[in-house]
$ cat query39.txt   # compact mmCIF, C-alpha atoms and all ligand atoms
# COMPACT_ATOMS: atom_id res chain seq x y z
CA MET A 1 -33.27 -20.65 -33.24
CA LEU A 2 -30.98 -22.31 -35.81
CA ASN A 3 -28.09 -23.05 -33.44
CA THR A 4 -26.42 -26.36 -33.99
CA LYS A 5 -23.34 -28.19 -32.75
CA ILE A 6 -20.50 -30.26 -34.13
CA LYS A 7 -18.96 -31.96 -31.11
CA GLY A 8 -18.83 -29.09 -28.58
CA THR A 9 -18.60 -26.28 -31.12
CA THR A 10 -21.72 -24.18 -31.63
CA PHE A 11 -22.69 -22.69 -34.98
CA ASN A 12 -25.36 -20.00 -35.26
CA THR A 13 -26.82 -21.58 -38.38
CA PRO A 14 -26.47 -25.04 -39.93
CA PHE A 15 -25.24 -23.79 -43.31
CA ILE A 16 -21.85 -24.30 -44.93
CA ASN A 17 -20.67 -24.52 -48.54
CA ALA A 18 -19.70 -27.92 -49.91
CA SER A 19 -15.95 -28.00 -50.42
CA GLY A 20 -15.22 -27.35 -54.10
CA CYS A 21 -18.11 -24.92 -54.47
CA TRP A 22 -17.48 -21.15 -54.26
CA CYS A 23 -14.24 -21.64 -52.38
CA TYR A 24 -11.43 -21.95 -54.93
CA SER A 25 -10.08 -18.40 -54.71
CA HIS A 26 -9.62 -15.97 -51.84
CA ASN A 27 -12.31 -13.72 -53.39
CA GLU A 28 -14.88 -16.49 -53.25
CA LEU A 29 -13.91 -17.42 -49.68
CA GLU A 30 -14.15 -13.75 -48.74
CA GLU A 31 -17.71 -13.67 -50.07
CA LEU A 32 -18.63 -16.73 -48.03
CA ASN A 33 -17.22 -14.94 -44.99
CA ASP A 34 -19.44 -11.89 -45.60
CA LYS A 35 -21.95 -11.18 -42.83
CA ARG A 36 -24.67 -10.49 -45.42
CA TYR A 37 -24.94 -14.25 -45.88
CA CYS A 38 -26.17 -16.43 -43.05
CA ASN A 39 -23.84 -19.42 -43.41
CA ASP A 40 -21.92 -19.49 -40.12
CA ALA A 41 -19.10 -21.60 -41.53
CA LEU A 42 -17.10 -21.96 -44.71
CA ILE A 43 -14.69 -24.51 -46.12
CA SER A 44 -11.91 -24.13 -48.69
CA LYS A 45 -11.52 -26.15 -51.89
CA SER A 46 -9.87 -29.51 -51.22
CA SER A 47 -6.19 -28.86 -51.44
CA THR A 48 -3.01 -30.64 -52.32
CA PHE A 49 0.37 -29.55 -51.04
CA GLN A 50 1.29 -27.79 -54.29
CA ILE A 51 -0.87 -25.81 -56.68
CA ARG A 52 -2.69 -27.97 -59.28
CA ASP A 53 -4.36 -27.04 -62.57
CA GLY A 54 -6.78 -29.96 -62.56
CA ASN A 55 -8.38 -31.58 -65.62
CA PRO A 56 -8.92 -29.93 -69.03
CA GLU A 57 -12.08 -27.85 -69.63
CA PRO A 58 -15.01 -28.08 -70.03
CA ARG A 59 -15.03 -29.90 -66.70
CA TYR A 60 -18.22 -28.66 -64.96
CA LYS A 61 -21.75 -28.44 -66.38
CA GLU A 62 -25.07 -27.84 -64.72
CA PHE A 63 -28.63 -28.60 -65.78
CA ASP A 64 -32.10 -28.20 -64.18
CA ASN A 65 -31.76 -30.93 -61.60
CA LEU A 66 -28.14 -32.03 -61.75
CA SER A 67 -24.52 -31.08 -62.19
CA ILE A 68 -21.61 -33.13 -63.43
CA ASN A 69 -17.97 -32.37 -62.75
CA SER A 70 -14.57 -33.76 -63.37
CA MET A 71 -12.53 -30.86 -62.04
CA GLY A 72 -9.55 -33.06 -61.14
CA LEU A 73 -8.70 -31.20 -57.95
CA PRO A 74 -7.63 -27.79 -59.26
CA ASN A 75 -6.47 -25.76 -56.25
CA TYR A 76 -3.90 -23.20 -55.14
CA GLY A 77 -2.13 -25.43 -52.61
CA ILE A 78 -2.32 -25.70 -48.82
CA LYS A 79 -0.29 -22.56 -48.00
CA TYR A 80 -2.62 -20.39 -50.10
CA TYR A 81 -5.70 -21.63 -48.23
CA LEU A 82 -4.06 -21.31 -44.81
CA ASN A 83 -3.13 -17.76 -45.66
CA SER A 84 -6.53 -16.94 -47.14
CA LEU A 85 -8.43 -18.34 -44.14
CA SER A 86 -6.18 -16.52 -41.69
CA ASN A 87 -7.53 -13.25 -43.13
CA LEU A 88 -11.20 -14.18 -42.75
CA ASN A 89 -12.53 -13.79 -39.26
CA GLU A 90 -16.27 -13.39 -39.41
CA LYS A 91 -17.19 -17.08 -39.46
CA ARG A 92 -15.90 -20.52 -38.55
CA LYS A 93 -13.42 -21.88 -41.04
CA PHE A 94 -12.66 -25.40 -42.18
CA ILE A 95 -9.86 -26.50 -44.44
CA SER A 96 -10.34 -29.45 -46.79
CA LEU A 97 -7.45 -31.77 -47.66
CA SER A 98 -7.25 -34.16 -50.55
CA GLY A 99 -3.65 -35.25 -50.89
CA LEU A 100 -2.86 -37.68 -53.69
CA SER A 101 -1.12 -39.96 -51.19
CA LEU A 102 -1.19 -40.61 -47.47
CA ASN A 103 2.17 -38.85 -47.17
CA GLU A 104 0.87 -35.76 -48.88
CA ASN A 105 -2.06 -35.65 -46.46
CA LEU A 106 0.31 -36.07 -43.50
CA ASN A 107 2.52 -33.26 -44.80
CA MET A 108 -0.48 -30.97 -45.12
CA ILE A 109 -1.66 -31.83 -41.60
CA ASN A 110 1.84 -30.97 -40.39
CA ALA A 111 1.64 -27.64 -42.24
CA ILE A 112 -1.70 -26.85 -40.58
CA TYR A 113 -0.46 -27.62 -37.06
CA GLU A 114 2.83 -25.77 -37.65
CA ASP A 115 0.78 -22.78 -38.76
CA LEU A 116 -1.37 -23.09 -35.67
CA LEU A 117 1.71 -23.19 -33.45
CA ILE A 118 3.56 -20.38 -35.18
CA ASN A 119 0.83 -18.03 -36.38
CA GLU A 120 -1.95 -19.12 -34.02
CA THR A 121 -4.27 -19.34 -37.04
CA GLN A 122 -7.76 -19.83 -35.77
CA ILE A 123 -9.38 -22.46 -37.93
CA SER A 124 -12.20 -24.58 -36.57
CA GLY A 125 -11.49 -27.81 -38.31
CA ILE A 126 -10.08 -30.07 -40.99
CA GLU A 127 -12.12 -32.15 -43.44
CA ILE A 128 -10.10 -34.95 -44.95
CA ASN A 129 -11.53 -35.82 -48.33
CA LEU A 130 -11.55 -39.60 -48.82
CA SER A 131 -13.84 -39.50 -51.81
CA CYS A 132 -12.58 -37.50 -54.78
CA PRO A 133 -14.00 -39.29 -57.84
CA ASN A 134 -12.01 -37.42 -60.46
CA VAL A 135 -8.29 -37.88 -60.11
CA ILE A 136 -7.30 -40.19 -62.93
CA GLY A 137 -5.60 -43.33 -61.63
CA LYS A 138 -6.53 -42.65 -57.97
CA PRO A 139 -9.44 -44.72 -56.62
CA GLN A 140 -11.69 -43.27 -53.92
CA ILE A 141 -10.19 -44.29 -50.55
CA GLY A 142 -13.65 -44.38 -48.99
CA TYR A 143 -14.51 -47.41 -51.11
CA ASP A 144 -11.56 -49.45 -49.81
CA PHE A 145 -12.24 -50.05 -46.12
CA LEU A 146 -8.82 -51.55 -45.31
CA GLU A 147 -7.05 -48.64 -46.97
CA MET A 148 -9.36 -46.18 -45.22
CA GLU A 149 -8.55 -47.67 -41.82
CA MET A 150 -4.82 -47.60 -42.52
CA TYR A 151 -5.09 -43.98 -43.70
CA LEU A 152 -7.02 -42.85 -40.64
CA ASP A 153 -4.68 -44.74 -38.29
CA LYS A 154 -1.71 -42.80 -39.62
CA ILE A 155 -3.55 -39.50 -39.80
CA PHE A 156 -4.78 -39.66 -36.21
CA ASP A 157 -1.33 -40.74 -34.98
CA ASN A 158 0.04 -37.62 -36.58
CA ILE A 159 -2.67 -35.39 -35.15
CA ASN A 160 -2.14 -36.92 -31.72
CA THR A 161 1.57 -36.12 -31.84
CA PHE A 162 0.92 -32.48 -32.70
CA GLU A 163 -1.81 -32.11 -30.12
CA ASN A 164 0.46 -33.37 -27.39
CA ARG A 165 2.97 -30.71 -28.40
CA ILE A 166 0.25 -28.08 -28.35
CA LYS A 167 -0.96 -29.14 -24.93
CA ASP A 168 2.53 -28.53 -23.58
CA ASN A 169 2.39 -25.04 -25.01
CA THR A 170 0.81 -22.70 -22.49
CA LYS A 171 -0.72 -20.52 -25.21
CA PHE A 172 -3.06 -23.34 -26.10
CA ASN A 173 -5.79 -25.20 -24.29
CA ASN A 174 -8.68 -27.49 -25.20
CA ASN A 175 -10.49 -24.63 -26.91
CA ASN A 176 -7.92 -24.84 -29.66
CA GLU A 177 -8.73 -28.44 -30.46
CA LEU A 178 -9.65 -28.67 -34.12
CA LEU A 179 -12.74 -30.48 -35.29
CA ILE A 180 -11.59 -33.39 -37.43
CA GLY A 181 -13.83 -34.91 -40.06
CA VAL A 182 -13.81 -37.00 -43.21
CA LYS A 183 -15.72 -36.52 -46.43
CA LEU A 184 -17.21 -39.79 -47.57
CA PRO A 185 -18.41 -41.07 -50.92
CA PRO A 186 -22.00 -42.25 -51.26
CA TYR A 187 -22.59 -45.88 -50.27
CA PHE A 188 -25.40 -47.92 -51.76
CA ASP A 189 -25.28 -51.31 -50.06
CA MET A 190 -26.28 -51.88 -46.44
CA SER A 191 -23.17 -53.98 -45.80
CA HIS A 192 -20.97 -51.12 -47.02
CA PHE A 193 -22.58 -48.68 -44.57
CA GLU A 194 -21.79 -51.11 -41.78
CA SER A 195 -18.21 -51.69 -42.90
CA ALA A 196 -17.59 -47.94 -43.19
CA ALA A 197 -19.17 -47.26 -39.78
CA ALA A 198 -17.07 -50.02 -38.18
CA VAL A 199 -13.92 -48.26 -39.39
CA LEU A 200 -15.09 -44.77 -38.37
CA ARG A 201 -16.08 -45.90 -34.87
CA LYS A 202 -12.49 -46.93 -34.13
CA PHE A 203 -11.34 -43.33 -34.11
CA GLU A 204 -12.30 -41.50 -30.90
CA ARG A 205 -10.84 -38.28 -32.24
CA LEU A 206 -13.07 -38.27 -35.35
CA ASN A 207 -15.69 -35.57 -34.72
CA PHE A 208 -17.72 -35.49 -37.90
CA ILE A 209 -18.35 -37.00 -41.30
CA THR A 210 -19.53 -35.11 -44.34
CA SER A 211 -21.82 -37.32 -46.35
CA ILE A 212 -21.96 -37.38 -49.36
CA ASN A 213 -19.43 -36.33 -51.99
CA SER A 214 -20.69 -36.25 -55.57
CA VAL A 215 -22.02 -39.52 -56.98
CA GLY A 216 -19.25 -40.87 -59.19
CA ASN A 217 -19.10 -41.73 -62.00
CA GLY A 218 -22.12 -40.59 -63.95
CA LEU A 219 -22.39 -39.83 -67.65
CA VAL A 220 -24.52 -37.01 -69.06
CA ILE A 221 -25.28 -37.19 -72.79
CA ASP A 222 -26.52 -34.35 -74.99
CA THR A 223 -28.89 -35.81 -77.60
CA ASN A 224 -28.57 -32.93 -80.04
CA SER A 225 -24.83 -33.07 -80.36
CA GLU A 226 -24.72 -36.82 -79.61
CA SER A 227 -21.89 -36.02 -77.24
CA VAL A 228 -20.82 -36.14 -73.66
CA VAL A 229 -20.88 -32.72 -71.92
CA ILE A 230 -17.51 -32.57 -70.15
CA LYS A 231 -14.08 -33.31 -71.58
CA PRO A 232 -12.08 -35.28 -68.97
CA LYS A 233 -12.44 -39.04 -68.65
CA ASN A 234 -14.58 -39.24 -71.82
CA GLY A 235 -17.41 -37.43 -70.06
CA PHE A 236 -17.61 -39.41 -66.81
CA GLY A 237 -17.83 -37.33 -63.63
CA GLY A 238 -19.33 -36.78 -60.19
CA LEU A 239 -23.04 -35.99 -60.07
CA GLY A 240 -24.63 -33.37 -57.82
CA GLY A 241 -27.93 -31.53 -57.66
CA SER A 242 -31.44 -32.54 -56.65
CA ILE A 243 -31.27 -35.94 -58.39
CA ILE A 244 -28.82 -37.15 -55.71
CA LYS A 245 -30.95 -36.11 -52.71
CA PRO A 246 -32.43 -39.57 -51.97
CA THR A 247 -28.94 -41.08 -51.99
CA ALA A 248 -27.65 -38.29 -49.73
CA LEU A 249 -30.54 -38.68 -47.28
CA ALA A 250 -30.03 -42.44 -47.18
CA ASN A 251 -26.35 -41.98 -46.32
CA VAL A 252 -27.04 -39.35 -43.66
CA HIS A 253 -29.75 -41.42 -42.02
CA LYS A 254 -27.93 -44.74 -42.12
CA PHE A 255 -24.79 -43.21 -40.62
CA TYR A 256 -26.90 -41.44 -38.00
CA GLN A 257 -28.35 -44.82 -37.02
CA LEU A 258 -24.96 -46.52 -37.01
CA LEU A 259 -22.89 -43.79 -35.33
CA GLY A 260 -25.44 -42.13 -33.05
CA ASP A 261 -24.27 -38.91 -31.46
CA LYS A 262 -20.65 -40.06 -31.26
CA ILE A 263 -19.80 -38.62 -34.67
CA ASP A 264 -21.77 -35.65 -36.02
CA ILE A 265 -22.91 -35.48 -39.61
CA ILE A 266 -22.70 -32.70 -42.15
CA GLY A 267 -25.37 -33.63 -44.68
CA CYS A 268 -24.47 -32.86 -48.27
CA GLY A 269 -26.34 -33.59 -51.47
CA GLY A 270 -29.35 -32.32 -53.36
CA VAL A 271 -30.21 -29.31 -51.23
CA THR A 272 -32.07 -26.69 -53.25
CA ASN A 273 -34.62 -25.34 -50.76
CA GLY A 274 -35.54 -25.14 -47.06
CA GLU A 275 -37.50 -28.37 -47.22
CA ASP A 276 -34.38 -30.24 -48.35
CA VAL A 277 -32.49 -28.77 -45.38
CA PHE A 278 -35.31 -29.83 -43.06
CA GLN A 279 -35.17 -33.39 -44.45
CA HIS A 280 -31.39 -33.64 -44.06
CA ILE A 281 -31.69 -32.56 -40.40
CA LEU A 282 -34.63 -34.90 -39.81
CA ALA A 283 -32.46 -37.72 -41.19
CA GLY A 284 -29.75 -36.85 -38.64
CA ALA A 285 -27.56 -34.07 -40.03
CA SER A 286 -26.25 -31.41 -37.63
CA MET A 287 -25.18 -29.13 -40.46
CA VAL A 288 -26.01 -29.04 -44.14
CA SER A 289 -23.64 -28.18 -46.95
CA ILE A 290 -24.65 -26.72 -50.28
CA GLY A 291 -22.88 -27.54 -53.55
CA THR A 292 -24.61 -27.33 -56.95
CA GLU A 293 -27.26 -24.84 -55.82
CA LEU A 294 -24.56 -22.55 -54.42
CA MET A 295 -22.79 -22.69 -57.80
CA LYS A 296 -26.08 -21.75 -59.50
CA LYS A 297 -27.32 -19.01 -57.18
CA GLY A 298 -24.28 -17.75 -55.28
CA PRO A 299 -24.11 -17.23 -51.49
CA GLN A 300 -27.56 -15.58 -51.43
CA ILE A 301 -28.83 -19.19 -51.48
CA PHE A 302 -27.98 -19.47 -47.75
CA ASN A 303 -30.41 -16.68 -46.87
CA ASN A 304 -33.17 -18.22 -49.01
CA LEU A 305 -32.64 -21.59 -47.31
CA GLN A 306 -32.71 -19.97 -43.89
CA SER A 307 -36.04 -18.21 -44.39
CA GLU A 308 -37.62 -21.31 -45.95
CA LEU A 309 -36.36 -23.51 -43.10
CA ILE A 310 -37.67 -21.10 -40.46
CA GLU A 311 -41.04 -21.04 -42.20
CA ILE A 312 -41.28 -24.85 -42.04
CA MET A 313 -40.15 -24.89 -38.40
CA ASN A 314 -42.71 -22.22 -37.44
CA HIS A 315 -45.45 -24.09 -39.26
CA LYS A 316 -44.57 -27.28 -37.38
CA GLY A 317 -44.03 -25.57 -34.05
CA TYR A 318 -40.32 -26.39 -33.77
CA LYS A 319 -38.24 -23.82 -31.94
CA TYR A 320 -34.80 -25.38 -32.28
CA ILE A 321 -32.96 -27.71 -34.62
CA LYS A 322 -32.54 -30.17 -31.76
CA ASP A 323 -36.35 -30.51 -31.60
CA PHE A 324 -36.39 -32.51 -34.84
CA ARG A 325 -32.81 -33.53 -35.65
CA GLY A 326 -32.61 -37.27 -36.30
CA LYS A 327 -36.28 -37.75 -35.44
CA LEU A 328 -37.25 -39.26 -38.79
CA LYS A 329 -40.20 -41.62 -38.27
CA HIS A 330 -40.19 -45.17 -39.61
CA LEU A 331 -43.39 -46.95 -40.59
O1 LIG A 401 -12.81 -33.04 -59.32
C1 LIG A 401 -12.74 -32.50 -58.20
O2 LIG A 401 -11.92 -31.61 -57.93
C2 LIG A 401 -13.68 -33.01 -57.19
N1 LIG A 401 -14.97 -33.15 -57.58
C3 LIG A 401 -15.91 -33.68 -56.74
O3 LIG A 401 -17.09 -33.81 -57.11
N2 LIG A 401 -15.54 -34.07 -55.51
C4 LIG A 401 -14.28 -33.96 -55.08
O4 LIG A 401 -14.02 -34.37 -53.93
C5 LIG A 401 -13.28 -33.41 -55.94
C6 LIG A 401 -11.89 -33.30 -55.57
C7 LIG A 401 -11.38 -33.47 -54.40
$ encode --input "query39.txt" --output "structure tokens" --more "lines below"
Ligand code: ERO
Amino acid sequence: MLNTKIKGTTFNTPFINASGCWCYSHNELEELNDKRYCNDALISKSSTFQIRDGNPEPRYKEFDNLSINSMGLPNYGIKYYLNSLSNLNEKRKFISLSGLSLNENLNMINAIYEDLLINETQISGIEINLSCPNVIGKPQIGYDFLEMEMYLDKIFDNINTFENRIKDNTKFNNNNELLIGVKLPPYFDMSHFESAAAVLRKFERLNFITSINSVGNGLVIDTNSESVVIKPKNGFGGLGGSIIKPTALANVHKFYQLLGDKIDIIGCGGVTNGEDVFQHILAGASMVSIGTELMKKGPQIFNNLQSELIEIMNHKGYKYIKDFRGKLKHL
């Protein structure tokens, strides 16, 4: 009933964690891989080549309807996540990359394909994060369309080279083709949606976008203490939680209109209940990722979302996700 597809790959449910949430350590990834929870996919914390400590604490705070973070990309490094994912085999696995330079991203892509060739690691896809709002001195690539195009040109050249090598290797066939996606920042201006879509459309091999990353850079103030609530960057950080849902839905829907079924969309932002999932899918999302609410409730959230979504679908007489995906009505 909840089957969905990214490119040709079928997922039993549309649920996945947002990269960064519940996916930093092998223990957390192991929990996401547990059959007790109905997410059919998981993604690791955005990684750099080497281990990174990230920004000083406190660097994440959550409130009723929002979260703010300036984690600064703490992660255990690409090899750790490749190794961790190779031991998890219940669900589909994505690896998220957020190198601090193009070269670092290329080196990590090389490491993934080498691993695939040598160890035959079965991962489903790569999400290249073009939208980290919290690394001091590093602007979000997704806001610089020329830079984004140059980045993707080089990245897809690299992927193409490896895939040609794999095709010559009899152990591999088209079933081993990884899903390739990018994680985008939120856009707010219609002309920016169009510029971003014009870049994305150039890349045939791009299978999905994840939209949106946290809304950078917000500032949460505590009146009592007359202070900011996180330490890095004088309190500025990426916002998540239900307050960002309208921005997330706008991004999902606009990209659905601009990209059609050529590039699938993982909707991310403001999902706290089944109705939010329904709205993301109605706006055009094929899968939905959960960030702040997963941090608050743990992986049990996926099961709550599933039963609430099924209840809405039953009430409306929808049997499958494809019955309402992208069918948002305009007045
Ligand atoms: O600070 C982070 O590690 C981080 N926080 C976000 O909200 N989004 C990110 O993409 C990210 C780092 C890649």
$ closest_atom_pairs --input "query39.txt" --of "chain A" --to "ligand LIG 401 (chain A)" --cutoff "9 Å" --atoms "only C-alpha atoms and all ligand atoms" --output "JSON lines"
{"residue": "A:Ser19", "atom": "CA", "partner": "A:LIG401", "partner_atom": "O4", "distance": 7.5}
{"residue": "A:Gly20", "atom": "CA", "partner": "A:LIG401", "partner_atom": "O2", "distance": 6.6}
{"residue": "A:Lys45", "atom": "CA", "partner": "A:LIG401", "partner_atom": "C7", "distance": 7.7}
{"residue": "A:Ser46", "atom": "CA", "partner": "A:LIG401", "partner_atom": "C7", "distance": 5.3}
{"residue": "A:Ser47", "atom": "CA", "partner": "A:LIG401", "partner_atom": "C7", "distance": 7.5}
{"residue": "A:Gly54", "atom": "CA", "partner": "A:LIG401", "partner_atom": "O2", "distance": 7.1}
{"residue": "A:Asn55", "atom": "CA", "partner": "A:LIG401", "partner_atom": "O1", "distance": 7.8}
{"residue": "A:Arg59", "atom": "CA", "partner": "A:LIG401", "partner_atom": "O1", "distance": 8.3}
{"residue": "A:Tyr60", "atom": "CA", "partner": "A:LIG401", "partner_atom": "O1", "distance": 9.0}
{"residue": "A:Ile68", "atom": "CA", "partner": "A:LIG401", "partner_atom": "O3", "distance": 7.8}
{"residue": "A:Asn69", "atom": "CA", "partner": "A:LIG401", "partner_atom": "O3", "distance": 5.9}
{"residue": "A:Ser70", "atom": "CA", "partner": "A:LIG401", "partner_atom": "O1", "distance": 4.5}
{"residue": "A:Met71", "atom": "CA", "partner": "A:LIG401", "partner_atom": "O1", "distance": 3.5}
{"residue": "A:Gly72", "atom": "CA", "partner": "A:LIG401", "partner_atom": "O1", "distance": 3.7}
{"residue": "A:Leu73", "atom": "CA", "partner": "A:LIG401", "partner_atom": "O2", "distance": 3.2}
{"residue": "A:Pro74", "atom": "CA", "partner": "A:LIG401", "partner_atom": "O2", "distance": 5.9}
{"residue": "A:Asn75", "atom": "CA", "partner": "A:LIG401", "partner_atom": "O2", "distance": 8.2}
{"residue": "A:Ser96", "atom": "CA", "partner": "A:LIG401", "partner_atom": "C7", "distance": 8.7}
{"residue": "A:Leu97", "atom": "CA", "partner": "A:LIG401", "partner_atom": "C7", "distance": 8.0}
{"residue": "A:Ser98", "atom": "CA", "partner": "A:LIG401", "partner_atom": "C7", "distance": 5.7}
{"residue": "A:Gly99", "atom": "CA", "partner": "A:LIG401", "partner_atom": "C7", "distance": 8.7}
{"residue": "A:Asn129", "atom": "CA", "partner": "A:LIG401", "partner_atom": "O4", "distance": 6.3}
{"residue": "A:Leu130", "atom": "CA", "partner": "A:LIG401", "partner_atom": "O4", "distance": 7.7}
{"residue": "A:Ser131", "atom": "CA", "partner": "A:LIG401", "partner_atom": "O4", "distance": 5.6}
{"residue": "A:Cys132", "atom": "CA", "partner": "A:LIG401", "partner_atom": "O4", "distance": 3.5}
{"residue": "A:Pro133", "atom": "CA", "partner": "A:LIG401", "partner_atom": "N2", "distance": 5.9}
{"residue": "A:Asn134", "atom": "CA", "partner": "A:LIG401", "partner_atom": "O1", "distance": 4.6}
{"residue": "A:Val135", "atom": "CA", "partner": "A:LIG401", "partner_atom": "O1", "distance": 6.7}
{"residue": "A:Lys183", "atom": "CA", "partner": "A:LIG401", "partner_atom": "O4", "distance": 8.0}
{"residue": "A:Leu184", "atom": "CA", "partner": "A:LIG401", "partner_atom": "O4", "distance": 8.9}
{"residue": "A:Pro185", "atom": "CA", "partner": "A:LIG401", "partner_atom": "O4", "distance": 8.6}
{"residue": "A:Asn213", "atom": "CA", "partner": "A:LIG401", "partner_atom": "N2", "distance": 5.7}
{"residue": "A:Ser214", "atom": "CA", "partner": "A:LIG401", "partner_atom": "O3", "distance": 4.6}
{"residue": "A:Val215", "atom": "CA", "partner": "A:LIG401", "partner_atom": "O3", "distance": 7.5}
{"residue": "A:Gly216", "atom": "CA", "partner": "A:LIG401", "partner_atom": "O3", "distance": 7.7}
{"residue": "A:Gly237", "atom": "CA", "partner": "A:LIG401", "partner_atom": "O3", "distance": 7.4}
{"residue": "A:Gly238", "atom": "CA", "partner": "A:LIG401", "partner_atom": "O3", "distance": 4.8}
{"residue": "A:Leu239", "atom": "CA", "partner": "A:LIG401", "partner_atom": "O3", "distance": 7.0}
{"residue": "A:Gly240", "atom": "CA", "partner": "A:LIG401", "partner_atom": "O3", "distance": 7.6}
$ atom_distance --input "query39.txt" --atom1 "atom CA of A:Met148" --atom2 "atom CA of A:Val288"
23.9 Å
$ closest_residue --input "query39.txt" --among "A:Pro186, A:Leu200, A:Glu30, A:Lys231" --to "A:Pro246" --atoms "only C-alpha atoms"
A:Pro186
$ residues_near_point --input "query39.txt" --point "(-11.5, -19.1, -38.7)" --cutoff "6 Å" --atoms "only C-alpha atoms" --output "list in words"
Asn89, Arg92, Lys93, Gln122, Ile123 and Ser124 of chain A
$ residues_around --input "query39.txt" --residues "A:Asp115" --least-positions-apart "5" --cutoff "8 Å" --atoms "all atoms listed in the file" --output "PyMOL selection string"
chain A and resi 82+120-121
$ write_last_selection --input "query39.txt" --atoms "C-alpha atoms" --output "PDB file, in the frame of the given file"
ATOM      1  CA  LEU A  82      -4.060 -21.310 -44.810  1.00  0.00           C
ATOM      2  CA  GLU A 120      -1.950 -19.120 -34.020  1.00  0.00           C
ATOM      3  CA  THR A 121      -4.270 -19.340 -37.040  1.00  0.00           C
TER       4      THR A 121
END
$ closest_atom_pairs --input "query39.txt" --of "stretch 144-244 of chain A" --to "stretch 280-286 of chain A" --cutoff "10 Å" --atoms "all atoms listed in the file" --output "JSON lines"
{"residue": "A:Phe208", "atom": "CA", "partner": "A:Ser286", "partner_atom": "CA", "distance": 9.5}
{"residue": "A:Ile209", "atom": "CA", "partner": "A:Ala285", "partner_atom": "CA", "distance": 9.7}
{"residue": "A:Thr210", "atom": "CA", "partner": "A:Ala285", "partner_atom": "CA", "distance": 9.2}
{"residue": "A:Ser211", "atom": "CA", "partner": "A:Ala285", "partner_atom": "CA", "distance": 9.1}
$ decode --input "query39.txt" --residues "stretch 266-277 of chain A" --atoms "N, CA, C and O atoms" --output "mmCIF file, in the first residue's frame"
data_model
loop_
_atom_site.group_PDB
_atom_site.id
_atom_site.type_symbol
_atom_site.label_atom_id
_atom_site.label_comp_id
_atom_site.auth_asym_id
_atom_site.auth_seq_id
_atom_site.Cartn_x
_atom_site.Cartn_y
_atom_site.Cartn_z
ATOM 1 N N ILE A 266 12.789 13.666 -2.456
ATOM 2 C CA ILE A 266 12.619 13.263 -1.059
ATOM 3 C C ILE A 266 12.264 14.536 -0.297
ATOM 4 O O ILE A 266 13.072 15.464 -0.206
ATOM 5 N N GLY A 267 11.028 14.588 0.184
ATOM 6 C CA GLY A 267 10.568 15.785 0.893
ATOM 7 C C GLY A 267 11.077 15.765 2.316
ATOM 8 O O GLY A 267 10.997 14.747 2.995
ATOM 9 N N CYS A 268 11.594 16.893 2.764
ATOM 10 C CA CYS A 268 12.168 16.955 4.106
ATOM 11 C C CYS A 268 11.817 18.314 4.707
ATOM 12 O O CYS A 268 12.019 19.347 4.078
ATOM 13 N N GLY A 269 11.278 18.287 5.917
ATOM 14 C CA GLY A 269 11.028 19.559 6.596
ATOM 15 C C GLY A 269 9.659 19.624 7.234
ATOM 16 O O GLY A 269 8.643 19.552 6.551
ATOM 17 N N GLY A 270 9.673 19.696 8.572
ATOM 18 C CA GLY A 270 8.431 19.971 9.300
ATOM 19 C C GLY A 270 7.480 18.816 9.441
ATOM 20 O O GLY A 270 6.295 19.024 9.712
ATOM 21 N N VAL A 271 7.957 17.588 9.265
ATOM 22 C CA VAL A 271 7.034 16.444 9.374
ATOM 23 C C VAL A 271 6.941 15.989 10.836
ATOM 24 O O VAL A 271 7.938 15.563 11.431
ATOM 25 N N THR A 272 5.741 16.122 11.397
ATOM 26 C CA THR A 272 5.539 15.640 12.772
ATOM 27 C C THR A 272 4.433 14.596 12.853
ATOM 28 O O THR A 272 4.327 13.892 13.850
ATOM 29 N N ASN A 273 3.580 14.528 11.828
ATOM 30 C CA ASN A 273 2.479 13.550 11.878
ATOM 31 C C ASN A 273 2.130 13.077 10.457
ATOM 32 O O ASN A 273 2.698 13.547 9.463
ATOM 33 N N GLY A 274 1.177 12.123 10.397
ATOM 34 C CA GLY A 274 0.809 11.517 9.115
ATOM 35 C C GLY A 274 0.261 12.524 8.124
ATOM 36 O O GLY A 274 0.441 12.385 6.911
ATOM 37 N N GLU A 275 -0.405 13.548 8.634
ATOM 38 C CA GLU A 275 -0.959 14.565 7.737
ATOM 39 C C GLU A 275 0.168 15.328 7.025
ATOM 40 O O GLU A 275 0.062 15.661 5.842
ATOM 41 N N ASP A 276 1.243 15.586 7.764
ATOM 42 C CA ASP A 276 2.396 16.273 7.138
ATOM 43 C C ASP A 276 2.998 15.403 6.031
ATOM 44 O O ASP A 276 3.394 15.908 4.974
ATOM 45 N N VAL A 277 3.051 14.091 6.281
ATOM 46 C CA VAL A 277 3.574 13.174 5.255
ATOM 47 C C VAL A 277 2.661 13.230 4.034
ATOM 48 O O VAL A 277 3.124 13.346 2.888
#
